[in-house]
Protein chains: 2
Amino acid sequence: MENTYALIMAGGVGSRFWPRSRKALPKQYLPLLGKETLIQAVCHRLQVFLPTERIFIVSTKSQLPLLKEQLPWFKSSRLIVEPFGKNTAPCIGLAALHLHYLNPEAIMIVLPSDHLINNTEKFTELLDAAVRIVSQHPEALVTIGIEPTYPATGYGYIQRGEEFSTASNRAFRVRAFAEKPTQEVAEQFFSTGEFLWNSGIFVWRASTILQNIDALIPDLSAGLREIRQAMGTDQLAAVTEKVYKQIHSDSIDYGIMEHASNVIVLEGNFGWSDVGSWEEVYNICSKDEDGNVIIRDPVVRNVKNSYIESSGRTIAVIGVEDLIIVDTPDALLICRRDQSQDVKWVVEKLKHSGLQKLL
Amino acid sequence: MENTYALIMAGGVGSRFWPRSRKALPKQYLPLLGKETLIQAVCHRLQVFLPTERIFIVSTKSQLPLLKEQLPWFKSSRLIVEPFGKNTAPCIGLAALHLHYLNPEAIMIVLPSDHLINNTEKFTELLDAAVRIVSQHPEALVTIGIEPTYPATGYGYIQRGEEFSTASNRAFRVRAFAEKPTQEVAEQFFSTGEFLWNSGIFVWRASTILQNIDALIPDLSAGLREIRQAMGTDQLAAVTEKVYKQIHSDSIDYGIMEHASNVIVLEGNFGWSDVGSWEEVYNICSKDEDGNVIIRDPVVRNVKNSYIESSGRTIAVIGVEDLIIVDTPDALLICRRDQSQDVKWVVEKLKHSGLQKLL
């Protein structure tokens, strides 16, 4: 494992956890499920099997103050800074360039910072297996697929092809990637048993992903070459910013994974969730005997199957069921659990009402 | 009408409108149904048929700042001050004493300050009729009974006896008073057609109610005599306070009306409600096409038959029905409409949690 590095992608912004998450405080910086924030939890999870000096974070300039606040021990030399976000392909390309510069043999484990993983042991076992595949097959692009437990419409899917031999884990060649499906399509996917949830976790050699970018995303490739030439000089930040202004936004799935050969999916089951809505937070949390998740002591009477989070103000809730209630100092959400996807709509609405300060 | 005075009782405190009403801000000082507060509305309603100088308010010392704030035009010479509240019998007795001192022929219209009356014209017609009865029958104690529209459990009832002849209105001798009934009893009351809601509105001569107090509440009678002797001296406030410390709390219904002879009930129907719960506020307010009452612009989506009042903070409500949501700067209520009576329970609970500052 001595060439193995973890790369945590922490630049995302999200609107699904309004009013808790804001533009200025994205989901990965929230303690959605405990005392740790999601990004603190990712770091601690990785430290179980990687030395700290091989854990890197890639994020945008605007999030540096949050990162410093939440991970004060994290060395800035292991922080790869994007001038601003351009989706996952540039983000991963830039990070691959840095790691490859550091160690031409580098193997990268790429992880989102805002997901939940319950079973760290199974998770690390699977990453071990992925790293072994990449060690033996330098050209492989390994992605982690999650065995679906229900026909979700909130995730992308990966269709398995023929089996790819490994010692202990189930690895397959990838037949196809699919975007978030409709309910009907999700049910078809689920019933075939061939489709896995796309976790957004990847393992590959830095050199291999850079070769794939050269082959499949010419403008990013050219930009990365420019940045490569500035490395080790005081021009690096300025050149990176210039390049970022020119390149297109692109996701790694759309730009690379859907077109590359040698894509392997490793099937896993480690209590993964991308906690994409308040409903999922409710589902994951442990409940009291009335099925409630009650945070910071609201007064409740005759309340069932609800998620109620106060920010310290007095909240009294009487006679309700199946609600999400999230109170913050300047904004309040009250939402039926099964409509928590509509929180995005609120954020759009606020955007158009001139209430940007609340986003 | 030249001997007729209105007496507005404004000393009550209530917990049914938490978090809007507090110990420090009782219901009569809230604009529950419009721009005017309930007490401002009572004054304006009375000014339609009585000169301002014959409208009096009786309240407790602690509420004087609120009264001054909400009724800055109201002369303090027409403010009768109780040192603290001892229920309605002492309150009405003290006021009767003052009015009788001013004018021995005074006829008093006694009104709560925290009720809603929709049809001012019918209301004033009925008060006119009541004053005529008292003019012709000096010994009469007239109370206004409301034709019930449903078997309410939140009101006291008055059982009609034989008809009492008047020119144009339906007046009856009173057979019995009944406290707030159980649901079963309320349904019996309702089906007989003999029971009216007790509105707490009374019309009588000041001298007559004082005679009844002499006959039926000896300790109050003695106390009032003591206060009477201090009238016109600088000892009045001190003596009143001394007397209030000695007398018992007593309601006018229990202390006088249930025992007196010559009690007449005048039947009326003028859109009356004591607005005793958030549910009633919802029922009285005009609704939008989704059946919602929305105050101060919360963001709503897919919401039906709900009352939502923000205090200016951003509130987003998604996918709920039949809720009462009341947000204030330091406390929030979320309650099913049909359980809004339980708000009292919250107040009790807060009391026992050491959160008195929120009451």
# chains A, B, ... in the order shown; residues from 1 in each chain; ligands from 1

call {"tool": "closest_atom_pairs", "arguments": {"of": "chain B", "to": "chain A", "cutoff": "12 Å", "atoms": "only C-alpha atoms", "output": "Markdown table"}}
result
| residue | atom | partner | partner_atom | distance |
| --- | --- | --- | --- | --- |
| B:Trp18 | CA | A:Ala316 | CA | 9.7 |
| B:Pro19 | CA | A:Ala316 | CA | 9.0 |
| B:Asp297 | CA | A:Ser353 | CA | 11.1 |
| B:Pro298 | CA | A:Leu332 | CA | 9.6 |
| B:Val299 | CA | A:Val346 | CA | 7.1 |
| B:Val300 | CA | A:Val346 | CA | 8.2 |
| B:Arg301 | CA | A:Val346 | CA | 8.3 |
| B:Asn302 | CA | A:Gln339 | CA | 9.5 |
| B:Val303 | CA | A:Cys335 | CA | 9.6 |
| B:Ile308 | CA | A:Ile334 | CA | 10.8 |
| B:Ser310 | CA | A:Leu332 | CA | 9.8 |
| B:Ser311 | CA | A:Asp330 | CA | 10.9 |
| B:Gly312 | CA | A:Asp330 | CA | 9.4 |
| B:Arg313 | CA | A:Asp330 | CA | 5.9 |
| B:Thr314 | CA | A:Ala331 | CA | 4.7 |
| B:Ile315 | CA | A:Leu332 | CA | 4.7 |
| B:Ala316 | CA | A:Leu333 | CA | 4.9 |
| B:Val317 | CA | A:Ile334 | CA | 4.7 |
| B:Ile318 | CA | A:Cys335 | CA | 4.5 |
| B:Gly319 | CA | A:Arg336 | CA | 5.3 |
| B:Val320 | CA | A:Arg336 | CA | 6.1 |
| B:Glu321 | CA | A:Arg336 | CA | 9.5 |
| B:Asp322 | CA | A:Val320 | CA | 9.7 |
| B:Leu323 | CA | A:Val320 | CA | 8.3 |
| B:Ile324 | CA | A:Ile318 | CA | 9.5 |
| B:Ile325 | CA | A:Ile334 | CA | 9.2 |
| B:Val326 | CA | A:Ala316 | CA | 10.0 |
| B:Asp327 | CA | A:Ile315 | CA | 9.2 |
| B:Thr328 | CA | A:Thr314 | CA | 9.9 |
| B:Pro329 | CA | A:Arg313 | CA | 8.7 |
| B:Asp330 | CA | A:Arg313 | CA | 5.9 |
| B:Ala331 | CA | A:Thr314 | CA | 4.7 |
| B:Leu332 | CA | A:Ile315 | CA | 4.7 |
| B:Leu333 | CA | A:Ala316 | CA | 4.9 |
| B:Ile334 | CA | A:Val317 | CA | 4.7 |
| B:Cys335 | CA | A:Ile318 | CA | 4.5 |
| B:Arg336 | CA | A:Gly319 | CA | 5.3 |
| B:Arg337 | CA | A:Gly319 | CA | 8.7 |
| B:Asp338 | CA | A:Gly319 | CA | 8.6 |
| B:Gln339 | CA | A:Gly319 | CA | 6.5 |
| B:Ser340 | CA | A:Ile318 | CA | 7.9 |
| B:Gln341 | CA | A:Ile318 | CA | 10.0 |
| B:Asp342 | CA | A:Ile318 | CA | 7.4 |
| B:Val343 | CA | A:Ile318 | CA | 7.9 |
| B:Lys344 | CA | A:Ile318 | CA | 11.0 |
| B:Trp345 | CA | A:Arg301 | CA | 8.8 |
| B:Val346 | CA | A:Ala316 | CA | 6.8 |
| B:Val347 | CA | A:Ala316 | CA | 9.4 |
| B:Glu348 | CA | A:Val299 | CA | 11.0 |
| B:Lys349 | CA | A:Val299 | CA | 7.9 |
| B:Leu350 | CA | A:Val299 | CA | 8.2 |
| B:Lys351 | CA | A:Val299 | CA | 11.9 |
| B:His352 | CA | A:Val299 | CA | 11.8 |
| B:Ser353 | CA | A:Val299 | CA | 10.0 |
| B:Leu355 | CA | A:Thr314 | CA | 9.0 |
| B:Gln356 | CA | A:Thr314 | CA | 11.5 |
| B:Lys357 | CA | A:Thr314 | CA | 10.8 |
| B:Leu358 | CA | A:Thr314 | CA | 8.1 |
| B:Leu359 | CA | A:Thr314 | CA | 10.9 |

call {"tool": "residues_around", "arguments": {"residues": "Arg175 of chain B", "least_positions_apart": "4", "cutoff": "6 Å", "atoms": "only C-alpha atoms", "output": "number ranges by chain"}}
result
B: 159-161

call {"tool": "write_last_selection", "arguments": {"atoms": "C-alpha atoms", "output": "compact mmCIF listing (two decimals), in the first residue's frame"}}
result
# COMPACT_ATOMS: atom_id res chain seq x y z
CA GLN B 159 -80.50 27.24 30.21
CA ARG B 160 -83.49 29.34 29.18
CA GLY B 161 -86.67 29.33 31.29

call {"tool": "residues_around", "arguments": {"residues": "Leu25 of chain A", "least_positions_apart": "2", "cutoff": "9 Å", "atoms": "only C-alpha atoms", "output": "list of chain:residue names"}}
result
A:Val13, A:Gly14, A:Arg20, A:Ser21, A:Arg22, A:Lys23, A:Lys27, A:Gln28, A:Tyr29, A:Leu30, A:Gln63, A:Leu66

call {"tool": "write_last_selection", "arguments": {"atoms": "N, CA and C atoms", "output": "short mmCIF file (atom, residue, chain, number, x, y, z; two decimals), in the first residue's frame"}}
result
data_model
loop_
_atom_site.label_atom_id
_atom_site.label_comp_id
_atom_site.auth_asym_id
_atom_site.auth_seq_id
_atom_site.Cartn_x
_atom_site.Cartn_y
_atom_site.Cartn_z
N VAL A 13 -21.21 21.98 -3.26
CA VAL A 13 -22.22 22.79 -2.57
C VAL A 13 -23.55 22.09 -2.78
N GLY A 14 -24.47 22.27 -1.85
CA GLY A 14 -25.72 21.54 -2.00
C GLY A 14 -26.87 22.30 -1.39
N ARG A 20 -30.32 23.85 7.10
CA ARG A 20 -29.05 23.59 7.78
C ARG A 20 -27.86 23.82 6.87
N SER A 21 -27.91 23.26 5.64
CA SER A 21 -26.80 23.52 4.72
C SER A 21 -27.09 24.80 3.96
N ARG A 22 -26.08 25.58 3.73
CA ARG A 22 -26.20 26.83 2.98
C ARG A 22 -25.08 26.82 1.96
N LYS A 23 -25.15 27.76 1.01
CA LYS A 23 -24.03 27.93 0.10
C LYS A 23 -22.75 28.04 0.91
N LYS A 27 -23.17 20.57 2.93
CA LYS A 27 -23.48 19.34 3.66
C LYS A 27 -22.28 18.66 4.34
N GLN A 28 -21.12 18.63 3.67
CA GLN A 28 -19.97 17.91 4.25
C GLN A 28 -19.47 18.54 5.54
N TYR A 29 -19.88 19.78 5.81
CA TYR A 29 -19.43 20.46 7.03
C TYR A 29 -20.48 20.40 8.13
N LEU A 30 -21.52 19.60 7.93
CA LEU A 30 -22.58 19.49 8.93
C LEU A 30 -22.45 18.18 9.71
N GLN A 63 -13.78 27.39 0.36
CA GLN A 63 -14.06 26.51 1.50
C GLN A 63 -12.87 26.34 2.43
N LEU A 66 -13.50 26.98 6.21
CA LEU A 66 -14.26 25.90 6.85
C LEU A 66 -13.38 24.68 7.10
#

call {"tool": "residues_around", "arguments": {"residues": "segment 117-133 of chain B", "least_positions_apart": "2", "cutoff": "7 Å", "atoms": "only C-alpha atoms", "output": "number ranges by chain"}}
result
B: 45, 115, 135-137, 142, 169, 203, 268, 270-273

call {"tool": "residues_around", "arguments": {"residues": "Leu210 of chain A", "least_positions_apart": "2", "cutoff": "12 Å", "atoms": "only C-alpha atoms", "output": "PyMOL selection string"}}
result
chain A and resi 89-101+104+106-108+139+141+204-208+212-218+220-225+228+252+256

call {"tool": "write_last_selection", "arguments": {"atoms": "C-alpha atoms", "output": "short mmCIF file (atom, residue, chain, number, x, y, z; two decimals), in the first residue's frame"}}
result
data_model
loop_
_atom_site.label_atom_id
_atom_site.label_comp_id
_atom_site.auth_asym_id
_atom_site.auth_seq_id
_atom_site.Cartn_x
_atom_site.Cartn_y
_atom_site.Cartn_z
CA ALA A 89 -13.37 15.85 -13.90
CA PRO A 90 -11.16 18.95 -13.47
CA CYS A 91 -11.09 18.39 -9.71
CA ILE A 92 -9.84 14.81 -10.06
CA GLY A 93 -7.54 15.72 -12.95
CA LEU A 94 -5.88 18.50 -10.95
CA ALA A 95 -5.47 16.22 -7.92
CA ALA A 96 -4.07 13.39 -10.09
CA LEU A 97 -1.51 15.81 -11.49
CA HIS A 98 -0.41 16.79 -7.96
CA LEU A 99 -0.18 13.21 -6.72
CA HIS A 100 1.60 12.05 -9.87
CA TYR A 101 4.10 14.90 -9.43
CA PRO A 104 4.66 8.74 -10.34
CA ALA A 106 0.66 6.93 -6.96
CA ILE A 107 -2.59 4.97 -6.64
CA MET A 108 -5.52 7.29 -5.79
CA GLU A 139 -4.71 0.25 -16.71
CA LEU A 141 -10.28 2.24 -13.57
CA TRP A 204 -6.91 4.08 -10.03
CA ARG A 205 -3.34 5.04 -10.73
CA ALA A 206 -2.84 8.79 -11.07
CA SER A 207 -1.01 8.10 -14.33
CA THR A 208 -3.89 6.03 -15.71
CA ASN A 212 -7.66 8.76 -19.93
CA ILE A 213 -8.13 12.52 -19.63
CA ASP A 214 -5.59 13.01 -22.45
CA ALA A 215 -7.60 10.62 -24.61
CA LEU A 216 -11.12 11.72 -23.74
CA ILE A 217 -11.18 15.37 -22.55
CA PRO A 218 -8.80 17.36 -24.79
CA LEU A 220 -8.81 19.56 -19.71
CA SER A 221 -5.77 17.63 -20.91
CA ALA A 222 -4.24 20.77 -22.42
CA GLY A 223 -5.04 22.76 -19.28
CA LEU A 224 -3.44 20.18 -17.00
CA ARG A 225 -0.27 20.21 -19.12
CA ARG A 228 2.10 20.75 -14.88
CA ILE A 252 -15.77 12.29 -14.23
CA ILE A 256 -14.35 9.51 -18.57
#

call {"tool": "select_by_dssp", "arguments": {"residues": "segment 8-101 of chain A", "states": "alpha helix (DSSP H)", "output": "mmCIF file with C-alpha atoms, in the first residue's frame"}}
result
data_model
loop_
_atom_site.group_PDB
_atom_site.id
_atom_site.type_symbol
_atom_site.label_atom_id
_atom_site.label_comp_id
_atom_site.auth_asym_id
_atom_site.auth_seq_id
_atom_site.Cartn_x
_atom_site.Cartn_y
_atom_site.Cartn_z
ATOM 1 C CA LEU A 38 -19.296 14.311 7.512
ATOM 2 C CA ILE A 39 -15.842 15.462 6.405
ATOM 3 C CA GLN A 40 -14.358 14.836 9.849
ATOM 4 C CA ALA A 41 -15.844 11.335 9.717
ATOM 5 C CA VAL A 42 -14.290 10.605 6.281
ATOM 6 C CA CYS A 43 -10.861 11.596 7.545
ATOM 7 C CA HIS A 44 -11.120 9.462 10.653
ATOM 8 C CA ARG A 45 -12.356 6.519 8.605
ATOM 9 C CA LEU A 46 -9.396 6.744 6.236
ATOM 10 C CA GLN A 47 -6.881 7.124 9.070
ATOM 11 C CA LEU A 64 -10.570 26.806 2.973
ATOM 12 C CA PRO A 65 -11.711 28.661 6.112
ATOM 13 C CA LEU A 66 -14.257 25.897 6.846
ATOM 14 C CA LEU A 67 -11.659 23.182 6.287
ATOM 15 C CA LYS A 68 -9.193 24.929 8.606
ATOM 16 C CA GLU A 69 -11.894 25.263 11.239
ATOM 17 C CA GLN A 70 -13.086 21.672 11.083
ATOM 18 C CA THR A 88 -15.469 16.349 -10.735
ATOM 19 C CA ALA A 89 -13.369 15.847 -13.904
ATOM 20 C CA PRO A 90 -11.156 18.952 -13.475
ATOM 21 C CA CYS A 91 -11.090 18.392 -9.713
ATOM 22 C CA ILE A 92 -9.841 14.810 -10.062
ATOM 23 C CA GLY A 93 -7.544 15.725 -12.954
ATOM 24 C CA LEU A 94 -5.877 18.500 -10.946
ATOM 25 C CA ALA A 95 -5.470 16.223 -7.916
ATOM 26 C CA ALA A 96 -4.071 13.387 -10.087
ATOM 27 C CA LEU A 97 -1.513 15.815 -11.490
ATOM 28 C CA HIS A 98 -0.407 16.786 -7.962
ATOM 29 C CA LEU A 99 -0.185 13.207 -6.724
ATOM 30 C CA HIS A 100 1.599 12.046 -9.869
ATOM 31 C CA TYR A 101 4.102 14.899 -9.434
#

call {"tool": "atom_distance", "arguments": {"atom1": "atom CA of Glu267 of chain B", "atom2": "atom CA of Phe172 of chain B"}}
result
7.9 Å

call {"tool": "closest_residue", "arguments": {"among": "A:Met9, A:Met1, A:Ile144, A:Val48", "to": "Leu266 of chain A", "atoms": "only C-alpha atoms"}}
result
A:Ile144

call {"tool": "closest_residue", "arguments": {"among": "B:Leu7, B:Leu79, B:Val265, B:Ile201", "to": "Ile158 of chain B", "atoms": "only C-alpha atoms"}}
result
B:Val265

call {"tool": "residues_around", "arguments": {"residues": "Ser261 of chain B", "least_positions_apart": "2", "cutoff": "9 Å", "atoms": "only C-alpha atoms", "output": "MDAnalysis selection string"}}
result
chainID B and resid 139:141 174 257:259 263:264

call {"tool": "write_last_selection", "arguments": {"atoms": "N, CA and C atoms", "output": "PDB file, in the first residue's frame"}}
result
ATOM      1  N   GLU B 139     -84.299  45.973  38.860  1.00  0.00           N
ATOM      2  CA  GLU B 139     -83.706  44.850  39.604  1.00  0.00           C
ATOM      3  C   GLU B 139     -83.093  43.776  38.700  1.00  0.00           C
ATOM      4  N   ALA B 140     -83.258  43.912  37.364  1.00  0.00           N
ATOM      5  CA  ALA B 140     -82.833  42.840  36.452  1.00  0.00           C
ATOM      6  C   ALA B 140     -81.310  42.739  36.316  1.00  0.00           C
ATOM      7  N   LEU B 141     -80.828  41.501  36.287  1.00  0.00           N
ATOM      8  CA  LEU B 141     -79.433  41.228  35.911  1.00  0.00           C
ATOM      9  C   LEU B 141     -79.506  40.558  34.536  1.00  0.00           C
ATOM     10  N   VAL B 174     -83.722  32.911  33.443  1.00  0.00           N
ATOM     11  CA  VAL B 174     -82.687  31.865  33.397  1.00  0.00           C
ATOM     12  C   VAL B 174     -83.090  30.720  34.310  1.00  0.00           C
ATOM     13  N   MET B 257     -74.403  35.121  39.600  1.00  0.00           N
ATOM     14  CA  MET B 257     -75.410  34.777  38.600  1.00  0.00           C
ATOM     15  C   MET B 257     -76.137  33.470  38.908  1.00  0.00           C
ATOM     16  N   GLU B 258     -75.392  32.472  39.431  1.00  0.00           N
ATOM     17  CA  GLU B 258     -76.023  31.183  39.677  1.00  0.00           C
ATOM     18  C   GLU B 258     -76.994  31.224  40.861  1.00  0.00           C
ATOM     19  N   HIS B 259     -76.903  32.277  41.679  1.00  0.00           N
ATOM     20  CA  HIS B 259     -77.717  32.325  42.897  1.00  0.00           C
ATOM     21  C   HIS B 259     -78.732  33.452  42.893  1.00  0.00           C
ATOM     22  N   VAL B 263     -82.563  37.095  37.078  1.00  0.00           N
ATOM     23  CA  VAL B 263     -81.556  36.984  36.030  1.00  0.00           C
ATOM     24  C   VAL B 263     -82.273  36.723  34.705  1.00  0.00           C
ATOM     25  N   ILE B 264     -81.996  37.560  33.737  1.00  0.00           N
ATOM     26  CA  ILE B 264     -82.638  37.487  32.423  1.00  0.00           C
ATOM     27  C   ILE B 264     -81.556  37.186  31.393  1.00  0.00           C
TER      28      ILE B 264
END

call {"tool": "atom_distance", "arguments": {"atom1": "atom CA of Phe84 of chain A", "atom2": "atom CA of Leu236 of chain A"}}
result
14.8 Å

call {"tool": "closest_residue", "arguments": {"among": "A:Thr240, A:Thr60, A:Ser306, A:Ser277", "to": "Tyr155 of chain A", "atoms": "only C-alpha atoms"}}
result
A:Ser277

call {"tool": "select_by_dssp", "arguments": {"residues": "segment 166-351 of chain A", "states": "strand (DSSP E)", "output": "PyMOL selection string"}}
result
chain A and resi 171-178+195-205+263-268+272-273+293-295+299-301+307-309+314-318+323-327+331-336

call {"tool": "write_last_selection", "arguments": {"atoms": "N, CA and C atoms", "output": "short mmCIF file (atom, residue, chain, number, x, y, z; two decimals), in the first residue's frame"}}
result
data_model
loop_
_atom_site.label_atom_id
_atom_site.label_comp_id
_atom_site.auth_asym_id
_atom_site.auth_seq_id
_atom_site.Cartn_x
_atom_site.Cartn_y
_atom_site.Cartn_z
N ALA A 171 -15.89 -8.59 -8.48
CA ALA A 171 -15.54 -7.52 -9.41
C ALA A 171 -16.05 -7.88 -10.80
N PHE A 172 -16.53 -6.88 -11.52
CA PHE A 172 -17.12 -7.11 -12.84
C PHE A 172 -16.62 -6.04 -13.79
N ARG A 173 -16.58 -6.36 -15.07
CA ARG A 173 -16.42 -5.30 -16.06
C ARG A 173 -17.74 -4.52 -16.11
N VAL A 174 -17.63 -3.28 -16.51
CA VAL A 174 -18.84 -2.44 -16.52
C VAL A 174 -19.47 -2.49 -17.90
N ARG A 175 -20.77 -2.78 -17.96
CA ARG A 175 -21.47 -2.76 -19.24
C ARG A 175 -21.94 -1.33 -19.58
N ALA A 176 -22.51 -0.64 -18.57
CA ALA A 176 -23.02 0.71 -18.84
C ALA A 176 -23.19 1.50 -17.55
N PHE A 177 -23.13 2.80 -17.70
CA PHE A 177 -23.51 3.72 -16.62
C PHE A 177 -24.90 4.27 -16.94
N ALA A 178 -25.69 4.53 -15.91
CA ALA A 178 -27.01 5.13 -16.14
C ALA A 178 -27.21 6.28 -15.16
N PHE A 195 -27.83 -4.21 -11.67
CA PHE A 195 -27.47 -2.80 -11.52
C PHE A 195 -27.05 -2.48 -10.10
N LEU A 196 -26.00 -1.70 -9.99
CA LEU A 196 -25.47 -1.28 -8.69
C LEU A 196 -25.56 0.24 -8.60
N TRP A 197 -25.67 0.75 -7.35
CA TRP A 197 -25.63 2.20 -7.18
C TRP A 197 -24.22 2.71 -7.41
N ASN A 198 -24.12 3.82 -8.10
CA ASN A 198 -22.84 4.47 -8.36
C ASN A 198 -22.45 5.30 -7.13
N SER A 199 -21.42 4.85 -6.42
CA SER A 199 -21.07 5.49 -5.14
C SER A 199 -20.22 6.73 -5.32
N GLY A 200 -19.64 6.90 -6.51
CA GLY A 200 -18.71 8.03 -6.69
C GLY A 200 -17.37 7.80 -6.04
N ILE A 201 -17.10 6.56 -5.64
CA ILE A 201 -15.78 6.22 -5.08
C ILE A 201 -14.98 5.49 -6.16
N PHE A 202 -13.78 5.94 -6.42
CA PHE A 202 -12.96 5.37 -7.49
C PHE A 202 -11.57 5.04 -6.97
N VAL A 203 -10.95 4.02 -7.59
CA VAL A 203 -9.55 3.72 -7.29
C VAL A 203 -8.84 3.51 -8.62
N TRP A 204 -7.70 4.21 -8.80
CA TRP A 204 -6.91 4.08 -10.03
C TRP A 204 -5.53 4.67 -9.82
N ARG A 205 -4.64 4.37 -10.76
CA ARG A 205 -3.34 5.04 -10.73
C ARG A 205 -3.52 6.47 -11.22
N VAL A 263 -12.88 -0.38 -17.40
CA VAL A 263 -13.59 0.07 -16.20
C VAL A 263 -14.11 -1.16 -15.46
N ILE A 264 -13.75 -1.26 -14.21
CA ILE A 264 -14.12 -2.41 -13.37
C ILE A 264 -15.00 -1.89 -12.24
N VAL A 265 -16.08 -2.61 -11.96
CA VAL A 265 -16.87 -2.23 -10.78
C VAL A 265 -16.70 -3.32 -9.72
N LEU A 266 -16.42 -2.86 -8.52
CA LEU A 266 -16.24 -3.76 -7.39
C LEU A 266 -17.49 -3.61 -6.53
N GLU A 267 -18.14 -4.76 -6.31
CA GLU A 267 -19.45 -4.71 -5.65
C GLU A 267 -19.26 -4.71 -4.13
N GLY A 268 -19.96 -3.82 -3.45
CA GLY A 268 -19.78 -3.74 -2.01
C GLY A 268 -21.06 -3.45 -1.27
N TRP A 272 -23.61 2.12 3.02
CA TRP A 272 -23.35 3.39 2.33
C TRP A 272 -24.64 4.15 2.07
N SER A 273 -24.57 5.46 2.20
CA SER A 273 -25.67 6.32 1.76
C SER A 273 -25.07 7.65 1.39
N VAL A 293 -36.84 11.21 15.90
CA VAL A 293 -35.47 11.66 16.12
C VAL A 293 -35.58 13.08 16.65
N ILE A 294 -35.16 13.29 17.89
CA ILE A 294 -35.40 14.57 18.56
C ILE A 294 -34.04 15.13 18.96
N ILE A 295 -33.71 16.29 18.40
CA ILE A 295 -32.39 16.86 18.65
C ILE A 295 -32.51 18.18 19.39
N VAL A 299 -40.15 20.40 23.05
CA VAL A 299 -41.25 19.85 23.83
C VAL A 299 -42.20 19.16 22.85
N VAL A 300 -42.41 17.86 23.01
CA VAL A 300 -43.30 17.17 22.07
C VAL A 300 -44.41 16.44 22.82
N ARG A 301 -45.56 16.34 22.17
CA ARG A 301 -46.70 15.63 22.73
C ARG A 301 -47.42 14.97 21.57
N TYR A 307 -38.68 13.84 12.49
CA TYR A 307 -37.32 14.32 12.75
C TYR A 307 -37.44 15.78 13.17
N ILE A 308 -37.06 16.09 14.41
CA ILE A 308 -37.23 17.44 14.93
C ILE A 308 -35.90 17.93 15.48
N GLU A 309 -35.39 18.97 14.89
CA GLU A 309 -34.09 19.49 15.29
C GLU A 309 -34.22 20.97 15.61
N THR A 314 -36.95 27.46 21.95
CA THR A 314 -38.00 26.57 22.42
C THR A 314 -38.94 26.23 21.27
N ILE A 315 -39.12 24.93 21.07
CA ILE A 315 -40.04 24.46 20.04
C ILE A 315 -41.03 23.53 20.71
N ALA A 316 -42.32 23.75 20.48
CA ALA A 316 -43.33 22.82 20.97
C ALA A 316 -44.04 22.22 19.76
N VAL A 317 -44.14 20.88 19.76
CA VAL A 317 -44.75 20.18 18.64
C VAL A 317 -45.83 19.26 19.18
N ILE A 318 -47.04 19.41 18.66
CA ILE A 318 -48.18 18.66 19.20
C ILE A 318 -48.93 17.95 18.08
N LEU A 323 -43.14 14.18 9.99
CA LEU A 323 -42.63 15.50 9.59
C LEU A 323 -41.12 15.59 9.79
N ILE A 324 -40.53 16.48 8.99
CA ILE A 324 -39.16 16.94 9.19
C ILE A 324 -39.28 18.38 9.67
N ILE A 325 -38.73 18.69 10.84
CA ILE A 325 -38.74 20.06 11.35
C ILE A 325 -37.30 20.44 11.67
N VAL A 326 -36.78 21.43 10.98
CA VAL A 326 -35.40 21.85 11.21
C VAL A 326 -35.40 23.36 11.44
N ASP A 327 -35.01 23.73 12.64
CA ASP A 327 -35.01 25.14 13.01
C ASP A 327 -33.58 25.65 13.11
N ALA A 331 -33.87 30.66 9.85
CA ALA A 331 -34.80 30.03 8.91
C ALA A 331 -35.32 28.72 9.50
N LEU A 332 -36.51 28.36 9.05
CA LEU A 332 -37.21 27.19 9.60
C LEU A 332 -37.79 26.38 8.46
N LEU A 333 -37.60 25.06 8.52
CA LEU A 333 -38.22 24.16 7.54
C LEU A 333 -39.19 23.23 8.25
N ILE A 334 -40.40 23.14 7.70
CA ILE A 334 -41.37 22.15 8.16
C ILE A 334 -41.83 21.41 6.90
N CYS A 335 -41.61 20.09 6.87
CA CYS A 335 -41.78 19.37 5.60
C CYS A 335 -42.26 17.95 5.88
N ARG A 336 -43.20 17.48 5.08
CA ARG A 336 -43.54 16.05 5.18
C ARG A 336 -42.34 15.24 4.77
#
